[in-house]
Amino acid sequence: VEFTTTRATWVYKTKRNGTKKARLCVQGCSQVQGIDYDQTYCAAMRAGSLRLLSSIAGRLDLQLRRWDFVAAYLQGTLEEDECVYCYPPPGYEHLAGVGADGRPRVCRVVKPVYGMAQAGRRWQRTIFPWFLDPKHGYTQSTNDQCVFFKRATVDTPDGPRDEFVLVGIYVDDLFIASSHNDEHSLYHQLTQDLQASWAVEDEGEVRDLLNIQISREGRDVILRQTSYIEK
């Protein structure tokens, strides 16, 4: 079987809340097309879609929440015939040791890892079908494939009511606009289903996305790019 061996590296980052984060990444630049991967295209929600969803949320006074997938790419799935090999990450070389021929052993990557050429695509081909599953009942926008929506009549103790939810996906972040948020709502059902299927975190009211700062003043949703301009 023909294959190449790539290398791993550590990437360090300070998150928005000040916590430090270390992420193990594969050096995808050393992967070879046709051997280590095939297609790599991965869509991301457009900035125009963010503006449109924000406008709808302001006009209809919708709740705006942001949810994050924990280590999203690792929750994706490689194709059965994909074989990606990698040297052990810095600091862990001794765990692999050497083979009988004296050469360093390598590891087979069994999950999409950040940095892999196909990691984003594999994640997207995992999360999109989840939303489109009849069990969840979301419809994909024909204008932006990273936007999903659902409208339904929900039974509540006070009687049936019409609800809807809009979801924008930007890699591992969900931008969710919903008409209701109580325990009977579509939003509540969505978050329950997300937590049952994935490792996710509720990051609260949307404050930023796509390097755009988001704030609300009454029913107005205001988008700013102050930090981008300052850079």
# chains A, B, ... in the order shown; residues from 1 in each chain; ligands from 1

$ residues_around --residues "A:Glu205" --least-positions-apart "3" --cutoff "9 Å" --atoms "only C-alpha atoms" --output "list in words"
Gln63, Leu64, Arg65, Arg66 and Asp202 of chain A

$ closest_atom_pairs --of "stretch 50-114 of chain A" --to "stretch 137-156 of chain A" --cutoff "12 Å" --atoms "only C-alpha atoms" --output "CSV"
residue,atom,partner,partner_atom,distance
A:Leu50,CA,A:Val147,CA,9.5
A:Leu52,CA,A:Val147,CA,10.9
A:Leu53,CA,A:Val147,CA,9.4

$ write_last_selection --atoms "N, CA, C and O atoms" --output "PDB file, in the first residue's frame"
ATOM      1  N   LEU A  50     -24.391  35.923   7.768  1.00  0.00           N
ATOM      2  CA  LEU A  50     -24.375  36.404   9.151  1.00  0.00           C
ATOM      3  C   LEU A  50     -25.133  37.722   9.258  1.00  0.00           C
ATOM      4  O   LEU A  50     -25.923  37.925  10.188  1.00  0.00           O
ATOM      5  N   LEU A  52     -27.503  38.786   7.263  1.00  0.00           N
ATOM      6  CA  LEU A  52     -28.923  38.536   7.034  1.00  0.00           C
ATOM      7  C   LEU A  52     -29.577  37.928   8.271  1.00  0.00           C
ATOM      8  O   LEU A  52     -30.662  38.365   8.694  1.00  0.00           O
ATOM      9  N   LEU A  53     -28.944  36.916   8.873  1.00  0.00           N
ATOM     10  CA  LEU A  53     -29.510  36.294  10.066  1.00  0.00           C
ATOM     11  C   LEU A  53     -29.612  37.301  11.205  1.00  0.00           C
ATOM     12  O   LEU A  53     -30.583  37.292  11.969  1.00  0.00           O
TER      13      LEU A  53
END

$ atom_distance --atom1 "atom CA of A:Glu217" --atom2 "atom CA of A:Ser178"
17.7 Å

$ closest_atom_pairs --of "stretch 90-208 of chain A" --to "stretch 24-33 of chain A" --cutoff "7 Å" --atoms "only C-alpha atoms" --output "CSV"
residue,atom,partner,partner_atom,distance
A:Val113,CA,A:Cys25,CA,6.2
A:Tyr114,CA,A:Cys25,CA,4.8
A:Gly115,CA,A:Val26,CA,4.7
A:Met116,CA,A:Gly28,CA,4.6
A:Ala117,CA,A:Gly28,CA,5.3

$ write_last_selection --atoms "all heavy atoms" --output "tab-separated table (two decimals), in the first residue's frame"
chain	number	residue	atom	x	y	z
A	113	VAL	N	-7.70	15.17	12.14
A	113	VAL	CA	-6.95	15.99	13.09
A	113	VAL	C	-6.73	17.36	12.46
A	113	VAL	O	-6.56	17.49	11.25
A	113	VAL	CB	-5.59	15.34	13.44
A	113	VAL	CG1	-4.81	16.21	14.41
A	113	VAL	CG2	-5.81	13.95	14.02
A	114	TYR	N	-6.75	18.39	13.28
A	114	TYR	CA	-6.53	19.74	12.78
A	114	TYR	C	-5.22	19.80	12.00
A	114	TYR	O	-4.21	19.27	12.44
A	114	TYR	CB	-6.50	20.74	13.94
A	114	TYR	CG	-7.87	21.02	14.51
A	114	TYR	CD1	-8.39	20.22	15.52
A	114	TYR	CD2	-8.63	22.07	14.02
A	114	TYR	CE1	-9.65	20.46	16.04
A	114	TYR	CE2	-9.90	22.32	14.53
A	114	TYR	CZ	-10.40	21.52	15.54
A	114	TYR	OH	-11.66	21.75	16.04
A	115	GLY	N	-5.27	20.43	10.86
A	115	GLY	CA	-4.10	20.53	10.00
A	115	GLY	C	-4.15	19.58	8.82
A	115	GLY	O	-3.52	19.83	7.79
A	116	MET	N	-4.88	18.47	8.96
A	116	MET	CA	-5.00	17.53	7.84
A	116	MET	C	-5.76	18.20	6.70
A	116	MET	O	-6.74	18.93	6.93
A	116	MET	CB	-5.75	16.26	8.28
A	116	MET	CG	-4.93	15.35	9.17
A	116	MET	SD	-5.89	13.94	9.80
A	116	MET	CE	-6.45	13.19	8.26
A	117	ALA	N	-5.33	17.96	5.49
A	117	ALA	CA	-5.93	18.61	4.32
A	117	ALA	C	-7.43	18.35	4.22
A	117	ALA	O	-8.19	19.22	3.81
A	117	ALA	CB	-5.22	18.14	3.05

$ select_by_dssp --residues "stretch 36-231 of chain A" --states "strand (DSSP E or B)" --output "ChimeraX atom specification"
/A:37,63-69,84-86,98,104,107-109,139-140,147-154,161-170,173-178,200-205,208-209,212-217,220-224

$ closest_residue --among "A:Gln39, A:Ser54, A:Thr9, A:Ser49" --to "A:Ala177" --atoms "only C-alpha atoms"
A:Ser54

$ closest_residue --among "A:Ile35, A:Asp193, A:Tyr170, A:Asp162" --to "A:Asp81" --atoms "only C-alpha atoms"
A:Ile35

$ decode --residues "stretch 49-169 of chain A" --atoms "C-alpha atoms" --output "PDB file, in the first residue's frame"
ATOM      1  CA  SER A  49     -25.476  35.212   5.721  1.00  0.00           C
ATOM      2  CA  LEU A  50     -24.375  36.404   9.151  1.00  0.00           C
ATOM      3  CA  ARG A  51     -25.620  39.896   8.332  1.00  0.00           C
ATOM      4  CA  LEU A  52     -28.923  38.536   7.034  1.00  0.00           C
ATOM      5  CA  LEU A  53     -29.510  36.294  10.066  1.00  0.00           C
ATOM      6  CA  SER A  54     -28.647  39.195  12.374  1.00  0.00           C
ATOM      7  CA  SER A  55     -31.092  41.433  10.522  1.00  0.00           C
ATOM      8  CA  ILE A  56     -33.870  38.835  10.815  1.00  0.00           C
ATOM      9  CA  ALA A  57     -33.095  38.364  14.505  1.00  0.00           C
ATOM     10  CA  GLY A  58     -33.350  42.097  15.128  1.00  0.00           C
ATOM     11  CA  ARG A  59     -36.550  42.576  13.153  1.00  0.00           C
ATOM     12  CA  LEU A  60     -38.304  39.605  14.795  1.00  0.00           C
ATOM     13  CA  ASP A  61     -36.654  40.035  18.217  1.00  0.00           C
ATOM     14  CA  LEU A  62     -35.113  36.559  18.164  1.00  0.00           C
ATOM     15  CA  GLN A  63     -32.762  35.080  20.739  1.00  0.00           C
ATOM     16  CA  LEU A  64     -29.165  34.780  19.482  1.00  0.00           C
ATOM     17  CA  ARG A  65     -26.953  32.098  20.997  1.00  0.00           C
ATOM     18  CA  ARG A  66     -23.570  30.670  20.127  1.00  0.00           C
ATOM     19  CA  TRP A  67     -22.682  27.013  20.580  1.00  0.00           C
ATOM     20  CA  ASP A  68     -19.240  25.516  20.098  1.00  0.00           C
ATOM     21  CA  PHE A  69     -18.231  21.969  19.170  1.00  0.00           C
ATOM     22  CA  VAL A  70     -15.382  20.790  21.377  1.00  0.00           C
ATOM     23  CA  ALA A  71     -12.492  19.619  19.176  1.00  0.00           C
ATOM     24  CA  ALA A  72     -14.923  19.502  16.261  1.00  0.00           C
ATOM     25  CA  TYR A  73     -12.599  17.920  13.707  1.00  0.00           C
ATOM     26  CA  LEU A  74     -11.925  15.009  16.040  1.00  0.00           C
ATOM     27  CA  GLN A  75     -15.668  14.347  16.026  1.00  0.00           C
ATOM     28  CA  GLY A  76     -15.591  13.831  12.270  1.00  0.00           C
ATOM     29  CA  THR A  77     -15.003  10.501  10.554  1.00  0.00           C
ATOM     30  CA  LEU A  78     -12.406   9.448   7.986  1.00  0.00           C
ATOM     31  CA  GLU A  79     -13.470   7.350   5.018  1.00  0.00           C
ATOM     32  CA  GLU A  80     -12.883   3.605   5.374  1.00  0.00           C
ATOM     33  CA  ASP A  81     -10.168   3.565   2.706  1.00  0.00           C
ATOM     34  CA  GLU A  82      -8.297   6.634   3.987  1.00  0.00           C
ATOM     35  CA  CYS A  83      -4.879   5.791   5.435  1.00  0.00           C
ATOM     36  CA  VAL A  84      -2.968   8.687   6.978  1.00  0.00           C
ATOM     37  CA  TYR A  85       0.236   8.047   8.904  1.00  0.00           C
ATOM     38  CA  CYS A  86       2.041  10.447  11.196  1.00  0.00           C
ATOM     39  CA  TYR A  87       5.175  10.491  13.328  1.00  0.00           C
ATOM     40  CA  PRO A  88       4.497  10.780  17.082  1.00  0.00           C
ATOM     41  CA  PRO A  89       4.063  14.383  18.290  1.00  0.00           C
ATOM     42  CA  PRO A  90       6.994  16.238  19.870  1.00  0.00           C
ATOM     43  CA  GLY A  91       7.557  14.969  23.389  1.00  0.00           C
ATOM     44  CA  TYR A  92       5.997  11.561  22.773  1.00  0.00           C
ATOM     45  CA  GLU A  93       8.472   9.966  20.385  1.00  0.00           C
ATOM     46  CA  HIS A  94       9.584   7.461  23.023  1.00  0.00           C
ATOM     47  CA  LEU A  95       6.094   5.941  23.226  1.00  0.00           C
ATOM     48  CA  ALA A  96       6.300   4.659  19.653  1.00  0.00           C
ATOM     49  CA  GLY A  97       9.852   3.362  19.810  1.00  0.00           C
ATOM     50  CA  VAL A  98      11.497   1.766  16.794  1.00  0.00           C
ATOM     51  CA  GLY A  99      10.661  -1.222  14.651  1.00  0.00           C
ATOM     52  CA  ALA A 100      12.697  -4.365  14.008  1.00  0.00           C
ATOM     53  CA  ASP A 101      14.421  -2.591  11.130  1.00  0.00           C
ATOM     54  CA  GLY A 102      15.604   0.181  13.438  1.00  0.00           C
ATOM     55  CA  ARG A 103      13.362   2.811  11.881  1.00  0.00           C
ATOM     56  CA  PRO A 104      11.021   4.953  14.044  1.00  0.00           C
ATOM     57  CA  ARG A 105       7.508   3.633  14.238  1.00  0.00           C
ATOM     58  CA  VAL A 106       4.661   5.788  12.987  1.00  0.00           C
ATOM     59  CA  CYS A 107       1.041   6.170  14.057  1.00  0.00           C
ATOM     60  CA  ARG A 108      -2.018   5.661  11.921  1.00  0.00           C
ATOM     61  CA  VAL A 109      -4.418   8.580  12.245  1.00  0.00           C
ATOM     62  CA  VAL A 110      -7.921   7.226  12.917  1.00  0.00           C
ATOM     63  CA  LYS A 111      -9.747  10.555  13.299  1.00  0.00           C
ATOM     64  CA  PRO A 112      -9.538  13.806  11.335  1.00  0.00           C
ATOM     65  CA  VAL A 113      -6.949  15.990  13.086  1.00  0.00           C
ATOM     66  CA  TYR A 114      -6.528  19.743  12.783  1.00  0.00           C
ATOM     67  CA  GLY A 115      -4.098  20.528   9.997  1.00  0.00           C
ATOM     68  CA  MET A 116      -5.005  17.532   7.844  1.00  0.00           C
ATOM     69  CA  ALA A 117      -5.930  18.613   4.325  1.00  0.00           C
ATOM     70  CA  GLN A 118      -9.262  16.790   4.448  1.00  0.00           C
ATOM     71  CA  ALA A 119     -10.156  17.403   8.119  1.00  0.00           C
ATOM     72  CA  GLY A 120     -12.598  20.251   7.473  1.00  0.00           C
ATOM     73  CA  ARG A 121     -14.376  18.351   4.724  1.00  0.00           C
ATOM     74  CA  ARG A 122     -14.685  15.216   6.842  1.00  0.00           C
ATOM     75  CA  TRP A 123     -16.197  17.244   9.699  1.00  0.00           C
ATOM     76  CA  GLN A 124     -18.655  18.957   7.377  1.00  0.00           C
ATOM     77  CA  ARG A 125     -19.704  15.644   5.828  1.00  0.00           C
ATOM     78  CA  THR A 126     -20.478  14.483   9.363  1.00  0.00           C
ATOM     79  CA  ILE A 127     -22.400  17.471  10.766  1.00  0.00           C
ATOM     80  CA  PHE A 128     -24.470  18.366   7.667  1.00  0.00           C
ATOM     81  CA  PRO A 129     -26.186  14.939   7.461  1.00  0.00           C
ATOM     82  CA  TRP A 130     -26.974  15.244  11.172  1.00  0.00           C
ATOM     83  CA  PHE A 131     -29.077  18.348  10.603  1.00  0.00           C
ATOM     84  CA  LEU A 132     -30.693  16.856   7.500  1.00  0.00           C
ATOM     85  CA  ASP A 133     -31.638  13.626   9.283  1.00  0.00           C
ATOM     86  CA  PRO A 134     -35.481  13.389   9.327  1.00  0.00           C
ATOM     87  CA  LYS A 135     -35.219  12.832  13.079  1.00  0.00           C
ATOM     88  CA  HIS A 136     -34.049  16.432  13.452  1.00  0.00           C
ATOM     89  CA  GLY A 137     -35.972  17.808  10.507  1.00  0.00           C
ATOM     90  CA  TYR A 138     -33.896  20.791   9.370  1.00  0.00           C
ATOM     91  CA  THR A 139     -33.890  22.196   5.853  1.00  0.00           C
ATOM     92  CA  GLN A 140     -30.699  23.381   4.175  1.00  0.00           C
ATOM     93  CA  SER A 141     -30.734  26.806   2.572  1.00  0.00           C
ATOM     94  CA  THR A 142     -30.370  26.822  -1.206  1.00  0.00           C
ATOM     95  CA  ASN A 143     -28.415  30.105  -1.002  1.00  0.00           C
ATOM     96  CA  ASP A 144     -25.886  29.102   1.656  1.00  0.00           C
ATOM     97  CA  GLN A 145     -25.346  25.427   2.399  1.00  0.00           C
ATOM     98  CA  CYS A 146     -24.078  26.315   5.891  1.00  0.00           C
ATOM     99  CA  VAL A 147     -27.463  27.708   6.941  1.00  0.00           C
ATOM    100  CA  PHE A 148     -30.265  25.431   8.176  1.00  0.00           C
ATOM    101  CA  PHE A 149     -33.752  26.243   9.371  1.00  0.00           C
ATOM    102  CA  LYS A 150     -36.768  24.564  10.897  1.00  0.00           C
ATOM    103  CA  ARG A 151     -40.338  25.711  11.374  1.00  0.00           C
ATOM    104  CA  ALA A 152     -42.984  23.765  13.258  1.00  0.00           C
ATOM    105  CA  THR A 153     -46.015  23.967  15.511  1.00  0.00           C
ATOM    106  CA  VAL A 154     -45.069  23.083  19.074  1.00  0.00           C
ATOM    107  CA  ASP A 155     -47.484  21.839  21.726  1.00  0.00           C
ATOM    108  CA  THR A 156     -47.158  23.690  25.040  1.00  0.00           C
ATOM    109  CA  PRO A 157     -49.232  23.755  28.274  1.00  0.00           C
ATOM    110  CA  ASP A 158     -50.751  26.997  26.973  1.00  0.00           C
ATOM    111  CA  GLY A 159     -51.649  25.480  23.631  1.00  0.00           C
ATOM    112  CA  PRO A 160     -49.913  25.076  20.248  1.00  0.00           C
ATOM    113  CA  ARG A 161     -47.639  27.828  18.908  1.00  0.00           C
ATOM    114  CA  ASP A 162     -45.655  28.389  15.735  1.00  0.00           C
ATOM    115  CA  GLU A 163     -41.871  28.453  16.159  1.00  0.00           C
ATOM    116  CA  PHE A 164     -38.781  28.542  14.018  1.00  0.00           C
ATOM    117  CA  VAL A 165     -35.030  28.186  14.417  1.00  0.00           C
ATOM    118  CA  LEU A 166     -32.236  29.429  12.136  1.00  0.00           C
ATOM    119  CA  VAL A 167     -28.771  27.871  12.401  1.00  0.00           C
ATOM    120  CA  GLY A 168     -25.607  29.136  10.751  1.00  0.00           C
ATOM    121  CA  ILE A 169     -22.538  26.853  10.848  1.00  0.00           C
TER     122      ILE A 169
END
